[in-house]
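Engineer: protein.txt is reproduced in full below (compact mmCIF, C-alpha atoms).
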```txt
# COMPACT_ATOMS: atom_id res chain seq x y z
CA MET U 27 0.00 0.00 0.00
CA ASN U 28 1.48 3.30 -1.11
CA ILE U 29 0.44 6.73 0.19
CA GLU U 30 1.93 9.73 -1.56
CA PRO U 31 1.34 13.49 -1.45
CA PHE U 32 -0.83 14.60 -4.34
CA SER U 33 -0.65 17.92 -6.19
CA LEU U 34 -3.93 19.04 -7.71
CA PRO U 35 -3.56 19.17 -11.50
CA TYR U 36 -4.24 22.25 -13.59
CA SER U 37 -4.15 22.72 -17.37
CA ASP U 38 -4.48 25.99 -19.29
CA ALA U 39 -5.32 23.98 -22.40
CA ALA U 40 -8.19 22.21 -20.63
CA VAL U 41 -9.60 25.55 -19.46
CA GLU U 42 -9.44 26.96 -22.97
CA ASP U 43 -11.18 23.87 -24.34
CA LEU U 44 -13.92 24.29 -21.72
CA ARG U 45 -14.43 27.94 -22.68
CA PHE U 46 -14.56 27.05 -26.36
CA ARG U 47 -17.20 24.39 -25.76
CA LEU U 48 -19.29 26.78 -23.67
CA ALA U 49 -19.14 29.36 -26.47
CA GLN U 50 -20.40 26.74 -28.94
CA THR U 51 -23.37 25.61 -26.84
CA ARG U 52 -26.47 24.94 -28.93
CA TRP U 53 -29.21 26.11 -26.58
CA PRO U 54 -32.67 24.47 -26.52
CA ASP U 55 -35.90 26.40 -26.76
CA GLU U 56 -38.15 27.05 -23.78
CA ILE U 57 -41.84 27.61 -23.13
CA SER U 58 -42.25 31.31 -22.44
CA GLY U 59 -42.76 32.06 -18.76
CA SER U 60 -42.27 28.45 -17.66
CA GLY U 61 -39.44 29.21 -15.22
CA TRP U 62 -38.18 25.92 -13.76
CA GLU U 63 -41.39 23.98 -14.45
CA TYR U 64 -39.93 21.83 -17.22
CA GLY U 65 -36.44 21.61 -15.78
CA VAL U 66 -33.49 23.97 -15.43
CA ASN U 67 -34.43 27.50 -16.46
CA LEU U 68 -32.87 28.67 -19.74
CA ASP U 69 -32.05 32.22 -18.61
CA PHE U 70 -30.35 30.88 -15.49
CA MET U 71 -28.27 28.45 -17.52
CA ARG U 72 -27.21 31.09 -20.04
CA ALA U 73 -26.11 33.40 -17.24
CA LEU U 74 -24.25 30.64 -15.40
CA SER U 75 -22.52 29.50 -18.59
CA ASP U 76 -21.48 33.05 -19.46
CA TYR U 77 -20.01 33.47 -16.00
CA TRP U 78 -18.24 30.10 -16.30
CA LYS U 79 -16.79 31.08 -19.66
CA ASP U 80 -15.81 34.68 -18.92
CA HIS U 81 -15.22 35.05 -15.18
CA PHE U 82 -14.79 31.77 -13.31
CA ASP U 83 -11.15 31.21 -12.34
CA TRP U 84 -10.39 27.49 -12.06
CA LYS U 85 -6.70 28.17 -11.44
CA ALA U 86 -7.60 30.26 -8.38
CA GLU U 87 -9.90 27.49 -7.11
CA VAL U 88 -7.14 24.89 -7.49
CA ARG U 89 -4.74 27.19 -5.65
CA LYS U 90 -7.24 27.63 -2.79
CA LEU U 91 -7.91 23.90 -2.53
CA SER U 92 -4.19 23.18 -2.53
CA ALA U 93 -3.95 24.75 0.93
CA PHE U 94 -5.20 21.41 2.27
CA HIS U 95 -3.00 18.31 2.52
CA HIS U 96 -3.89 16.05 -0.41
CA TYR U 97 -2.75 12.46 -0.90
CA ARG U 98 -3.38 9.47 -3.11
CA CYS U 99 -3.34 5.90 -1.92
CA THR U 100 -3.43 2.73 -4.01
CA LEU U 101 -5.79 0.22 -2.41
CA ASP U 102 -6.20 -3.11 -4.19
CA GLY U 103 -5.64 -1.41 -7.55
CA ALA U 104 -7.90 1.58 -6.81
CA LYS U 105 -6.20 4.96 -6.59
CA ILE U 106 -8.02 6.97 -3.93
CA HIS U 107 -7.58 10.70 -3.48
CA PHE U 108 -8.09 12.08 0.00
CA ILE U 109 -7.49 15.07 2.23
CA HIS U 110 -5.91 14.36 5.61
CA GLU U 111 -5.88 17.18 8.17
CA ARG U 112 -4.62 16.69 11.73
CA GLY U 113 -6.59 17.96 14.69
CA GLN U 114 -5.24 20.65 17.02
CA GLY U 115 -6.65 19.40 20.33
CA PRO U 116 -5.06 17.18 22.99
CA ALA U 117 -6.54 13.90 21.68
CA PRO U 118 -8.01 14.28 18.18
CA ILE U 119 -10.62 11.72 17.17
CA PRO U 120 -9.97 10.04 13.80
CA LEU U 121 -12.96 10.82 11.55
CA ILE U 122 -13.66 9.84 7.96
CA LEU U 123 -16.16 12.08 6.15
CA THR U 124 -17.75 10.72 2.97
CA HIS U 125 -19.53 12.83 0.37
CA GLY U 126 -22.23 11.85 -2.12
CA TRP U 127 -23.56 12.62 -5.61
CA PRO U 128 -23.60 15.12 -7.30
CA GLY U 129 -21.17 16.51 -4.78
CA SER U 130 -17.51 15.78 -4.19
CA PHE U 131 -14.85 16.21 -1.56
CA LEU U 132 -15.51 19.94 -2.01
CA GLU U 133 -18.67 19.52 0.10
CA MET U 134 -16.43 19.13 3.16
CA ILE U 135 -14.10 22.09 2.67
CA LYS U 136 -15.97 24.45 5.02
CA ILE U 137 -16.38 21.93 7.80
CA ILE U 138 -12.79 20.63 7.93
CA PRO U 139 -11.32 23.57 9.90
CA LEU U 140 -14.29 23.57 12.30
CA LEU U 141 -13.50 19.97 13.19
CA THR U 142 -9.70 20.09 13.19
CA ASP U 143 -9.35 23.39 15.04
CA PRO U 144 -12.53 24.00 17.05
CA ALA U 145 -10.80 26.41 19.45
CA SER U 146 -10.36 28.91 16.59
CA HIS U 147 -14.03 28.68 15.62
CA GLY U 148 -15.88 28.91 18.92
CA GLY U 149 -15.95 25.15 19.56
CA ASP U 150 -14.78 22.98 22.44
CA PRO U 151 -10.97 22.75 22.21
CA GLU U 152 -11.12 19.38 23.97
CA VAL U 153 -13.03 17.78 21.08
CA SER U 154 -11.09 17.96 17.83
CA PHE U 155 -10.70 15.54 14.95
CA ASP U 156 -8.10 14.12 12.61
CA VAL U 157 -10.21 14.50 9.46
CA VAL U 158 -9.93 12.23 6.43
CA VAL U 159 -11.98 13.23 3.39
CA PRO U 160 -11.68 10.74 0.53
CA SER U 161 -13.07 11.13 -2.97
CA LEU U 162 -15.35 8.19 -3.75
CA PRO U 163 -13.99 5.89 -6.48
CA GLY U 164 -14.98 7.41 -9.81
CA PHE U 165 -15.32 10.89 -8.30
CA GLY U 166 -12.91 13.80 -8.41
CA PHE U 167 -9.25 12.82 -8.29
CA SER U 168 -9.85 9.18 -7.40
CA ASN U 169 -9.50 6.99 -10.46
CA ARG U 170 -12.46 5.72 -12.44
CA PRO U 171 -13.26 2.04 -11.74
CA ALA U 172 -12.56 -0.13 -14.77
CA LYS U 173 -14.36 -3.20 -13.44
CA ARG U 174 -17.86 -4.04 -12.24
CA GLY U 175 -18.76 -4.13 -8.58
CA MET U 176 -17.55 -0.82 -7.12
CA ASN U 177 -20.57 -0.43 -4.85
CA THR U 178 -20.91 1.11 -1.40
CA PHE U 179 -19.95 -2.17 0.32
CA ARG U 180 -16.71 -2.23 -1.66
CA VAL U 181 -16.09 1.43 -0.84
CA ALA U 182 -16.52 0.73 2.88
CA GLU U 183 -13.93 -2.04 2.57
CA LEU U 184 -11.52 0.42 0.94
CA TRP U 185 -12.18 3.05 3.62
CA ALA U 186 -11.40 0.56 6.40
CA ALA U 187 -8.14 -0.26 4.64
CA LEU U 188 -7.35 3.43 4.15
CA MET U 189 -7.82 4.26 7.82
CA ALA U 190 -5.63 1.29 8.78
CA ALA U 191 -2.96 2.50 6.37
CA LEU U 192 -3.06 5.89 8.09
CA GLY U 193 -2.43 4.19 11.42
CA TYR U 194 -5.93 4.41 12.90
CA ASP U 195 -7.20 1.25 14.58
CA HIS U 196 -10.41 2.96 15.76
CA PHE U 197 -12.25 5.79 14.03
CA ALA U 198 -15.54 7.62 13.62
CA ALA U 199 -17.56 7.75 10.40
CA GLN U 200 -19.89 10.45 9.07
CA GLY U 201 -21.71 11.00 5.80
CA GLY U 202 -24.74 11.96 3.78
CA ASP U 203 -26.09 10.59 0.50
CA PHE U 204 -23.73 7.80 -0.67
CA GLY U 205 -21.56 8.76 2.28
CA ALA U 206 -24.39 7.72 4.59
CA ALA U 207 -24.47 4.28 2.96
CA VAL U 208 -20.68 3.88 3.22
CA SER U 209 -20.69 5.03 6.86
CA THR U 210 -23.58 2.68 7.66
CA ILE U 211 -21.73 -0.26 6.13
CA LEU U 212 -18.58 0.62 8.06
CA GLY U 213 -20.59 0.37 11.27
CA LEU U 214 -22.37 -2.80 10.11
CA ARG U 215 -19.36 -4.71 8.78
CA TYR U 216 -16.48 -3.29 10.85
CA PRO U 217 -17.83 -2.66 14.38
CA GLN U 218 -14.45 -3.50 15.89
CA LEU U 219 -12.96 -0.51 14.07
CA VAL U 220 -15.75 2.05 14.25
CA LEU U 221 -16.30 4.27 17.28
CA GLY U 222 -19.71 5.36 16.01
CA VAL U 223 -21.67 6.50 12.97
CA HIS U 224 -23.13 9.97 12.41
CA LEU U 225 -25.52 10.48 9.50
CA ASN U 226 -27.37 13.42 7.98
CA TYR U 227 -29.18 11.14 5.51
CA ILE U 228 -30.53 7.61 5.57
CA PRO U 229 -29.54 5.57 2.50
CA GLY U 230 -32.35 5.32 -0.03
CA SER U 231 -31.85 1.57 -0.40
CA TYR U 232 -31.92 0.97 3.38
CA GLN U 233 -34.41 -1.75 4.21
CA PRO U 234 -34.39 -3.12 7.77
CA TYR U 235 -35.15 -6.77 8.22
CA LEU U 236 -38.85 -7.31 8.88
CA GLU U 237 -40.22 -10.54 10.25
CA PRO U 238 -42.75 -12.20 7.93
CA GLY U 239 -46.13 -10.63 8.57
CA ALA U 240 -44.66 -7.66 10.45
CA LYS U 241 -46.98 -4.68 10.44
CA LEU U 242 -45.76 -1.12 10.09
CA ASP U 243 -47.29 1.72 12.04
CA ASP U 244 -49.04 4.52 10.17
CA ILE U 245 -46.02 6.84 10.32
CA GLU U 246 -43.67 4.25 8.83
CA GLN U 247 -46.13 3.30 6.10
CA GLY U 248 -46.73 6.97 5.36
CA PHE U 249 -43.01 7.51 4.92
CA LEU U 250 -42.74 4.59 2.48
CA ASP U 251 -45.68 5.96 0.49
CA ASP U 252 -44.11 9.44 0.42
CA GLN U 253 -40.80 7.96 -0.67
CA ASP U 254 -42.46 6.10 -3.54
CA GLN U 255 -44.22 9.27 -4.67
CA TRP U 256 -40.97 11.24 -4.45
CA TYR U 257 -39.33 8.83 -6.88
CA VAL U 258 -42.30 9.14 -9.25
CA ASP U 259 -42.15 12.95 -9.19
CA ARG U 260 -38.42 13.64 -8.76
CA GLY U 261 -36.50 10.44 -9.27
CA ALA U 262 -36.02 10.38 -13.06
CA TYR U 263 -32.29 11.08 -12.71
CA ALA U 264 -31.87 8.16 -10.28
CA HIS U 265 -33.85 5.76 -12.45
CA LEU U 266 -31.64 6.60 -15.42
CA GLN U 267 -28.40 6.38 -13.45
CA ARG U 268 -29.39 3.05 -11.92
CA ASN U 269 -30.18 1.53 -15.29
CA THR U 270 -28.44 3.22 -18.24
CA PRO U 271 -25.69 5.57 -16.99
CA GLN U 272 -23.65 4.98 -20.15
CA THR U 273 -26.38 6.48 -22.33
CA ALA U 274 -26.52 9.76 -20.41
CA ALA U 275 -22.74 9.97 -20.26
CA TYR U 276 -22.32 10.74 -23.98
CA GLY U 277 -24.01 14.10 -23.62
CA LEU U 278 -22.92 14.95 -20.07
CA ASN U 279 -19.27 14.16 -20.72
CA ASP U 280 -19.22 16.13 -23.99
CA SER U 281 -21.26 19.26 -23.21
CA PRO U 282 -20.33 21.42 -20.21
CA ALA U 283 -23.73 23.14 -20.37
CA ALA U 284 -25.48 19.76 -20.13
CA LEU U 285 -23.25 18.72 -17.24
CA ALA U 286 -23.92 21.97 -15.38
CA ALA U 287 -27.69 21.68 -15.84
CA TRP U 288 -27.70 18.05 -14.64
CA ILE U 289 -25.83 18.95 -11.45
CA VAL U 290 -27.25 22.40 -10.70
CA GLU U 291 -30.82 21.08 -10.79
CA LYS U 292 -30.05 18.82 -7.83
CA PHE U 293 -28.34 21.53 -5.80
CA ARG U 294 -31.35 23.79 -6.31
CA ASP U 295 -33.92 21.08 -5.54
CA TRP U 296 -32.17 19.54 -2.54
CA ALA U 297 -30.65 22.55 -0.77
CA ASP U 298 -32.59 24.69 1.68
CA CYS U 299 -32.90 27.66 -0.69
CA ASP U 300 -36.61 27.89 -1.66
CA GLY U 301 -35.65 27.68 -5.33
CA GLU U 302 -33.15 30.55 -5.12
CA ILE U 303 -29.94 28.58 -5.41
CA GLU U 304 -27.57 31.51 -4.98
CA ARG U 305 -28.99 32.09 -1.49
CA ARG U 306 -27.01 28.98 -0.57
CA PHE U 307 -24.21 28.65 -3.10
CA SER U 308 -22.29 31.27 -5.02
CA LYS U 309 -21.64 30.78 -8.71
CA ASP U 310 -18.01 30.05 -7.85
CA GLU U 311 -19.01 27.34 -5.35
CA LEU U 312 -21.35 25.69 -7.85
CA LEU U 313 -18.87 25.91 -10.70
CA SER U 314 -15.94 24.65 -8.67
CA ASN U 315 -17.78 21.37 -8.11
CA ILE U 316 -19.02 21.19 -11.70
CA THR U 317 -15.58 21.99 -13.10
CA LEU U 318 -14.09 19.22 -10.98
CA TYR U 319 -16.46 16.77 -12.67
CA TRP U 320 -15.63 18.26 -16.07
CA MET U 321 -11.85 18.26 -15.73
CA THR U 322 -11.70 14.72 -14.32
CA GLU U 323 -14.34 13.34 -16.74
CA THR U 324 -16.05 11.56 -13.86
CA ILE U 325 -19.73 12.16 -14.53
CA HIS U 326 -20.18 8.68 -15.99
CA SER U 327 -18.15 6.86 -13.33
CA SER U 328 -19.94 8.78 -10.56
CA CYS U 329 -23.39 8.00 -11.99
CA ARG U 330 -22.35 4.36 -12.32
CA LEU U 331 -22.28 4.09 -8.54
CA TYR U 332 -26.09 4.16 -8.72
CA TYR U 333 -26.03 1.17 -11.07
CA GLU U 334 -23.62 -0.79 -8.88
CA SER U 335 -25.51 0.03 -5.69
CA LYS U 336 -28.79 -1.09 -7.25
CA LYS U 337 -27.23 -4.52 -7.59
CA MET U 338 -26.03 -4.45 -3.96
CA PRO U 339 -28.63 -2.50 -1.95
CA LEU U 340 -28.52 -1.94 1.78
CA GLN U 341 -31.13 -4.55 2.65
CA PHE U 342 -30.60 -6.01 6.10
CA LYS U 343 -30.75 -9.76 6.67
CA PRO U 344 -31.97 -11.43 9.87
CA GLY U 345 -29.70 -10.34 12.70
CA ASP U 346 -28.27 -7.35 10.82
CA GLN U 347 -28.04 -4.14 12.81
CA VAL U 348 -25.58 -1.30 13.05
CA ARG U 349 -24.72 -1.97 16.69
CA VAL U 350 -22.13 0.73 17.18
CA PRO U 351 -23.60 3.99 18.55
CA CYS U 352 -25.40 5.99 15.87
CA ALA U 353 -26.55 9.59 15.57
CA VAL U 354 -28.87 11.24 13.07
CA ALA U 355 -28.95 14.94 12.23
CA HIS U 356 -32.14 15.70 10.32
CA PHE U 357 -31.95 18.85 8.24
CA PRO U 358 -35.48 20.04 7.38
CA LYS U 359 -35.10 20.23 3.59
CA GLU U 360 -33.93 16.59 3.53
CA ALA U 361 -37.23 14.97 2.59
CA PRO U 362 -38.72 12.44 2.54
CA PHE U 363 -36.88 11.39 5.69
CA PRO U 364 -37.55 8.14 7.58
CA PRO U 365 -39.24 8.33 10.97
CA ARG U 366 -37.20 7.40 14.00
CA ALA U 367 -38.97 4.05 14.43
CA TRP U 368 -37.96 2.96 10.91
CA ILE U 369 -34.32 3.88 11.49
CA GLU U 370 -34.20 2.21 14.91
CA ARG U 371 -35.13 -1.11 13.30
CA GLY U 372 -31.60 -1.24 11.88
CA TYR U 373 -29.49 1.27 13.80
CA ASN U 374 -28.43 1.60 17.45
CA LEU U 375 -29.73 5.16 17.50
CA GLN U 376 -28.47 7.14 20.50
CA ARG U 377 -28.82 10.74 19.31
CA TRP U 378 -31.38 12.53 17.14
CA THR U 379 -31.11 16.21 16.27
CA GLU U 380 -33.77 18.22 14.46
CA MET U 381 -31.86 21.00 12.74
CA PRO U 382 -33.44 24.45 12.34
CA ARG U 383 -32.39 24.86 8.70
CA GLY U 384 -30.39 23.16 5.96
CA GLY U 385 -30.80 20.54 3.29
CA HIS U 386 -29.12 17.66 1.53
CA PHE U 387 -25.66 19.21 1.31
CA ALA U 388 -25.40 19.71 5.06
CA ALA U 389 -21.62 20.09 5.37
CA ALA U 390 -21.62 22.79 2.68
CA GLU U 391 -24.90 24.48 3.66
CA GLU U 392 -24.67 24.50 7.45
CA PRO U 393 -21.12 23.49 8.42
CA GLU U 394 -21.33 24.99 11.92
CA LEU U 395 -24.54 23.15 12.80
CA LEU U 396 -23.20 19.86 11.49
CA ALA U 397 -19.76 20.25 13.08
CA ASN U 398 -21.28 21.02 16.47
CA ASP U 399 -23.53 17.97 16.30
CA ILE U 400 -20.65 15.72 15.24
CA ALA U 401 -18.55 16.96 18.17
CA ALA U 402 -21.43 16.62 20.64
CA PHE U 403 -21.93 13.00 19.61
CA PHE U 404 -18.40 11.72 19.25
CA GLY U 405 -16.78 13.67 22.12
CA PRO U 406 -18.40 11.65 24.93
CA LEU U 407 -18.00 8.39 22.99
CA HIS U 408 -14.27 8.98 22.60
CA LYS U 409 -13.82 9.65 26.32
CA THR U 410 -15.45 6.34 27.25
CA ALA U 411 -13.90 4.23 24.47
```
Since I need it in another form, could you write the structure as structure tokens?

Structural biologist:
Amino acid sequence: MNIEPFSLPYSDAAVEDLRFRLAQTRWPDEISGSGWEYGVNLDFMRALSDYWKDHFDWKAEVRKLSAFHHYRCTLDGAKIHFIHERGQGPAPIPLILTHGWPGSFLEMIKIIPLLTDPASHGGDPEVSFDVVVPSLPGFGFSNRPAKRGMNTFRVAELWAALMAALGYDHFAAQGGDFGAAVSTILGLRYPQLVLGVHLNYIPGSYQPYLEPGAKLDDIEQGFLDDQDQWYVDRGAYAHLQRNTPQTAAYGLNDSPAALAAWIVEKFRDWADCDGEIERRFSKDELLSNITLYWMTETIHSSCRLYYESKKMPLQFKPGDQVRVPCAVAHFPKEAPFPPRAWIERGYNLQRWTEMPRGGHFAAAEEPELLANDIAAFFGPLHKTA
């Protein structure tokens, strides 16, 4: 196993190619006055693309991101990019943070200093973290899987190996979206290594084991009905990515405008912004994430994780439970969200926090709220471990 420092790549030629492609965009028509009813609004996309072409500075973003300590590690043939930042307190808690789709390791940039150096940000100096932020395989600067089977169970196996390679024999896990699935599996499969699991999302494929004939209460059944309706109304992207990610990739990998629309739609829909996306994310924040996908050509490999996870869902068998201590932070825009009773069927739930604001991209939207909840959960656990 080989861990090496990693310098973030930058190419003037790639930036010029991006700008050329944006200038050549063949825009679709739009029903007058339809806004976002049929999908991403045309005026918004034109303005975002013009900004991307004429003002966005990818070199400056790379320079800013390079202030963190980046590494790459080869694990069973997979090259994994990760940030590793040491905590400033007396006994930092090892913590692996895992992002989701259509995000990236960039989701965690704001929260890293809050966790590593809480004393400088109004937090408890006694509870700091050694923070590890990997890029999922097929995302960002991790390499694109060339074989079948890179699902969330396989990712959890790689994360356990990564933390061992970094010298941690016991660590905490946190995540949302795919990161919630990976963190859940770490707690399920590697309880001897995991101090606890903190989630701001419950994996969509999570299905606790139910005894034959088991009856759900009205709240649980209502959640399942709401979830089904959500996929009917809003789940077209997921259905495509679970079944034919290759087909979508031809357009998304070739057209930066298409890529931006595909990703921006989710940030607008899932963030706590009431449809005004720039209330939550600046153009530079949005475009930094989108440009990362563009420059690394990872939209197909990232979407493929849906396909692989469909074949290996998080369906618990008899006796399965995440027995390590678990915490859930529910951000109000994250909906539909399972009721506590449904989660407790499969998780050893010891903390539940109803957040006052925030959505799907919790670490990017409300880093202070999330960091404080992480510290409040893992601090006492670490003292008694």

Engineer: In terms of the shortest atom-to-atom distance over only C-alpha atoms, which of U:Glu323, U:Glu183, U:Asp280, U:Glu360 is closest to Pro229 (chain U)?

Structural biologist: U:Glu360

Engineer: What's the 8 Å shell around Pro234 (chain U), counting all atoms listed in the file, without same-chain residues fewer than 2 positions away, as an MDAnalysis selection string?

Structural biologist: chainID U and resid 232 236 341:343 368:369 371:372

Engineer: Find the spatial neighbours of Asp143 (chain U), counting all atoms listed in the file, within a cut-off of 9 Å - ignore same-chain residues fewer than 4 positions away - and output them as a ChimeraX atom specification.

Structural biologist: /U:112-115,138-139,147,149,151,154-155

Engineer: Store the residues picked out above in a file with C-alpha atoms, as a JSON list (two decimals), keeping the file's coordinate frame.

Structural biologist:
```json
[["chain", "number", "residue", "atom", "x", "y", "z"],
["U", 112, "ARG", "CA", -4.62, 16.69, 11.73],
["U", 113, "GLY", "CA", -6.59, 17.96, 14.69],
["U", 114, "GLN", "CA", -5.24, 20.65, 17.02],
["U", 115, "GLY", "CA", -6.65, 19.40, 20.33],
["U", 138, "ILE", "CA", -12.79, 20.63, 7.93],
["U", 139, "PRO", "CA", -11.32, 23.57, 9.90],
["U", 147, "HIS", "CA", -14.03, 28.68, 15.62],
["U", 149, "GLY", "CA", -15.95, 25.15, 19.56],
["U", 151, "PRO", "CA", -10.97, 22.75, 22.21],
["U", 154, "SER", "CA", -11.09, 17.96, 17.83],
["U", 155, "PHE", "CA", -10.70, 15.54, 14.95]]
```

Engineer: Check the smallest atom-to-atom distance from each of U:His265, U:Leu395, U:Arg260, U:Phe165 to Lys292 (chain U) using all atoms listed in the file, then report the winner.

Structural biologist: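 Ranked by minimum distance to Lys292 (chain U), first place goes to U:Arg260.
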
Engineer: Have a look at CA of Ala198 (chain U) and CA of Val223 (chain U) and let me know their distance in Å, one decimal.

Structural biologist: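 Those two atoms sit 6.3 Å apart.
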
Engineer: In Å, how far is it from CA of Leu68 (chain U) to CA of Ala287 (chain U)?

Structural biologist: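 Distance reported for this atom pair: 9.5 Å.
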
Engineer: If you measure from CA of Pro282 (chain U) to CA of Trp78 (chain U), what distance in Å do you get, rounded to one decimal?

Structural biologist: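 If I compute the distance from CA of Pro282 (chain U) to CA of Trp78 (chain U), I get 9.7 Å.
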
Engineer: Could you give me, as an MDAnalysis selection string, the residues that sit within 12 Å of (-13.9, 14.7, -1.5) in the file's coordinates, counting all atoms listed in the file?

Structural biologist: chainID U and resid 91 94 96:98 106:110 122:136 138 157:168 201 205 315 318:319 389:390

Engineer: Which is closest to Pro31 (chain U) among U:Ser92, U:Arg72, U:Lys336, U:Pro116, if we use all atoms listed in the file?

Structural biologist: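 Checking each of U:Ser92, U:Arg72, U:Lys336, U:Pro116 against Pro31 (chain U), counting all atoms listed in the file, the winner is U:Ser92.
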
Engineer: My list of candidates is U:Gly175, U:Gly202, U:Gly230, U:Pro358. Which is closest to Phe387 (chain U) when distances are computed with all atoms listed in the file?

Structural biologist: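 Nearest to Phe387 (chain U): U:Gly202.
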
Engineer: Restricting the calculation to all atoms listed in the file, which member of U:Ala206, U:Ile211, U:Val290, U:Leu396 is positioned closest to Trp62 (chain U)?

Structural biologist: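 Closest residue, counting all atoms listed in the file: U:Val290.
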
Engineer: Need the axis-aligned box for region 191-204 of chain U with 5 Å each side, so what are the centre and edges in Å to one decimal, as JSON?

Structural biologist:
```
{"center_x": -14.3, "center_y": 6.6, "center_z": 7.5, "size_x": 33.7, "size_y": 20.7, "size_z": 26.4}
```

Engineer: Which residue out of U:Leu331, U:Leu278, U:Ala187, U:Ala262 has the minimum interatomic distance to Gly65 (chain U) when all atoms listed in the file are used?

Structural biologist: U:Ala262

Engineer: In file coordinates, which residues lie within 10 Å of (-23.8, 15.7, -15.7) using all atoms listed in the file, given as a PyMOL selection string?

Structural biologist: chain U and resi 128+274-290+316+319-320+323-326+328-329

Engineer: Please provide the set of residues having any atom within 12 Å of Lys173 (chain U), restricted to only C-alpha atoms, with same-chain residues fewer than 3 positions apart removed, written as a list of chain:residue names.

Structural biologist: U:Gly103, U:Ala104, U:Pro163, U:Gly164, U:Asn169, U:Arg170, U:Met176, U:Asn177, U:Ser327, U:Arg330, U:Leu331, U:Glu334

Engineer: How would region 305-317 of chain U of the given structure read as a file with N, CA, C and O atoms, as a PDB file, in the first residue's frame?

Structural biologist:
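For reference, selection20.pdb as written:
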```
ATOM      1  N   ARG U 305     -28.876  31.812  -2.925  1.00  0.00           N
ATOM      2  CA  ARG U 305     -28.989  32.089  -1.493  1.00  0.00           C
ATOM      3  C   ARG U 305     -28.113  31.141  -0.691  1.00  0.00           C
ATOM      4  O   ARG U 305     -27.725  31.456   0.442  1.00  0.00           O
ATOM      5  N   ARG U 306     -27.806  29.991  -1.253  1.00  0.00           N
ATOM      6  CA  ARG U 306     -27.013  28.975  -0.567  1.00  0.00           C
ATOM      7  C   ARG U 306     -25.606  28.839  -1.131  1.00  0.00           C
ATOM      8  O   ARG U 306     -24.648  28.628  -0.389  1.00  0.00           O
ATOM      9  N   PHE U 307     -25.504  28.899  -2.450  1.00  0.00           N
ATOM     10  CA  PHE U 307     -24.215  28.652  -3.098  1.00  0.00           C
ATOM     11  C   PHE U 307     -23.919  29.769  -4.087  1.00  0.00           C
ATOM     12  O   PHE U 307     -24.764  30.117  -4.909  1.00  0.00           O
ATOM     13  N   SER U 308     -22.717  30.286  -4.019  1.00  0.00           N
ATOM     14  CA  SER U 308     -22.293  31.270  -5.016  1.00  0.00           C
ATOM     15  C   SER U 308     -22.047  30.574  -6.351  1.00  0.00           C
ATOM     16  O   SER U 308     -21.904  29.342  -6.413  1.00  0.00           O
ATOM     17  N   LYS U 309     -21.976  31.357  -7.407  1.00  0.00           N
ATOM     18  CA  LYS U 309     -21.636  30.780  -8.708  1.00  0.00           C
ATOM     19  C   LYS U 309     -20.285  30.073  -8.644  1.00  0.00           C
ATOM     20  O   LYS U 309     -20.103  28.997  -9.231  1.00  0.00           O
ATOM     21  N   ASP U 310     -19.332  30.672  -7.947  1.00  0.00           N
ATOM     22  CA  ASP U 310     -18.011  30.048  -7.854  1.00  0.00           C
ATOM     23  C   ASP U 310     -18.073  28.703  -7.127  1.00  0.00           C
ATOM     24  O   ASP U 310     -17.383  27.752  -7.521  1.00  0.00           O
ATOM     25  N   GLU U 311     -18.881  28.612  -6.076  1.00  0.00           N
ATOM     26  CA  GLU U 311     -19.007  27.339  -5.355  1.00  0.00           C
ATOM     27  C   GLU U 311     -19.638  26.277  -6.254  1.00  0.00           C
ATOM     28  O   GLU U 311     -19.165  25.127  -6.308  1.00  0.00           O
ATOM     29  N   LEU U 312     -20.701  26.642  -6.945  1.00  0.00           N
ATOM     30  CA  LEU U 312     -21.346  25.689  -7.845  1.00  0.00           C
ATOM     31  C   LEU U 312     -20.392  25.250  -8.942  1.00  0.00           C
ATOM     32  O   LEU U 312     -20.260  24.054  -9.244  1.00  0.00           O
ATOM     33  N   LEU U 313     -19.720  26.207  -9.538  1.00  0.00           N
ATOM     34  CA  LEU U 313     -18.869  25.906 -10.697  1.00  0.00           C
ATOM     35  C   LEU U 313     -17.584  25.201 -10.314  1.00  0.00           C
ATOM     36  O   LEU U 313     -17.027  24.452 -11.121  1.00  0.00           O
ATOM     37  N   SER U 314     -17.117  25.388  -9.101  1.00  0.00           N
ATOM     38  CA  SER U 314     -15.939  24.646  -8.667  1.00  0.00           C
ATOM     39  C   SER U 314     -16.235  23.147  -8.670  1.00  0.00           C
ATOM     40  O   SER U 314     -15.445  22.333  -9.166  1.00  0.00           O
ATOM     41  N   ASN U 315     -17.393  22.780  -8.124  1.00  0.00           N
ATOM     42  CA  ASN U 315     -17.785  21.373  -8.106  1.00  0.00           C
ATOM     43  C   ASN U 315     -18.031  20.845  -9.518  1.00  0.00           C
ATOM     44  O   ASN U 315     -17.577  19.748  -9.889  1.00  0.00           O
ATOM     45  N   ILE U 316     -18.738  21.621 -10.334  1.00  0.00           N
ATOM     46  CA  ILE U 316     -19.025  21.191 -11.703  1.00  0.00           C
ATOM     47  C   ILE U 316     -17.741  21.081 -12.520  1.00  0.00           C
ATOM     48  O   ILE U 316     -17.556  20.122 -13.288  1.00  0.00           O
ATOM     49  N   THR U 317     -16.841  22.032 -12.347  1.00  0.00           N
ATOM     50  CA  THR U 317     -15.579  21.990 -13.097  1.00  0.00           C
ATOM     51  C   THR U 317     -14.735  20.801 -12.687  1.00  0.00           C
ATOM     52  O   THR U 317     -14.031  20.205 -13.517  1.00  0.00           O
TER      53      THR U 317
END
```
